[in-house]
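K.L.:
Just dropping this structure here.
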Amino acid sequence: MRVEEKEMFKAVCSDCGQECEIPFKPTEGRPVKCRDCFRKGRPQRDNSRGGGNFRRERRDFDVTCAECGKETTVPFKPTQGKPVLCRDCFKKPQN
Ligand SMILES: [Zn+2]
Ligand SMILES: [Zn+2]
């Protein structure tokens, strides 16, 4: 299988002034960074674990499914008096 080649555009890095190629068309007036500077510009975090995916931690709430009684978690605070369904029951078409 052949990997489709991406079109590369010549640009000059606004950071180090080096000529570089970027996989998107440079927008006029917008600074372009070479791969090195792009990486450098990112906030340095501990990437040793988890691949550096630092999304805000999601809070899950423990609930009991109103349909099957299974214990599950939902990413939102359950409203009192409103039935909460587990993922499976939520996906099931309701009759
Ligand atoms: Zn650069
Ligand atoms: Zn359920």
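Order determines the names: the first chain of the structure tokens is A, the second B, and so forth; residues in each chain are numbered 1 upward, and ligands are numbered 1 upward as they are shown.
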With a cut-off of 9 Å, could you pull out the residues of chain A touching ligand 1 and give me the nearest pair of atoms for each, distance in Å to one decimal, using only C-alpha atoms and all ligand atoms, ordered by chain and ascending number, as a Markdown table?
P.N.:
| residue | atom | partner | partner_atom_place_in_ligand_line | distance |
| --- | --- | --- | --- | --- |
| A:Val12 | CA | ligand 1 | 1 (Zn) | 7.9 |
| A:Cys13 | CA | ligand 1 | 1 (Zn) | 4.7 |
| A:Ser14 | CA | ligand 1 | 1 (Zn) | 6.6 |
| A:Asp15 | CA | ligand 1 | 1 (Zn) | 4.8 |
| A:Cys16 | CA | ligand 1 | 1 (Zn) | 4.1 |
| A:Gly17 | CA | ligand 1 | 1 (Zn) | 6.1 |
| A:Gln18 | CA | ligand 1 | 1 (Zn) | 5.7 |
| A:Glu19 | CA | ligand 1 | 1 (Zn) | 8.1 |
| A:Cys20 | CA | ligand 1 | 1 (Zn) | 7.8 |
| A:Val32 | CA | ligand 1 | 1 (Zn) | 8.4 |
| A:Lys33 | CA | ligand 1 | 1 (Zn) | 5.3 |
| A:Cys34 | CA | ligand 1 | 1 (Zn) | 4.2 |
| A:Arg35 | CA | ligand 1 | 1 (Zn) | 6.7 |
| A:Asp36 | CA | ligand 1 | 1 (Zn) | 5.7 |
| A:Cys37 | CA | ligand 1 | 1 (Zn) | 4.3 |
| A:Phe38 | CA | ligand 1 | 1 (Zn) | 7.1 |
| A:Lys40 | CA | ligand 1 | 1 (Zn) | 8.9 |
K.L.:
Could you report the residues within 9 Å of ligand 2, using only C-alpha atoms and all ligand atoms, as an MDAnalysis selection string?
P.N.:
chainID A and resid 64:72 84:90
K.L.:
Quick one, how far is atom CA of Phe9 of chain A from atom CA of Glu28 of chain A?
P.N.:
12.9 Å
K.L.:
Quick one: distance from atom CA of Glu7 of chain A to atom CA of Ile22 of chain A in Å, one decimal?
P.N.:
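Spanning atom CA of Glu7 of chain A to atom CA of Ile22 of chain A is a straight-line distance of 8.5 Å.
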K.L.:
Please report, as JSON, numbers by chain, each residue of segment 53-90 of chain A to which DSSP assigns alpha helix (DSSP H) when run on this structure's backbone.
P.N.:
{"A": [87, 88, 89, 90]}
K.L.:
Work out how far apart atom CA of Phe24 of chain A and atom CA of Glu5 of chain A are and give it in Å to one decimal.
P.N.:
12.6 Å
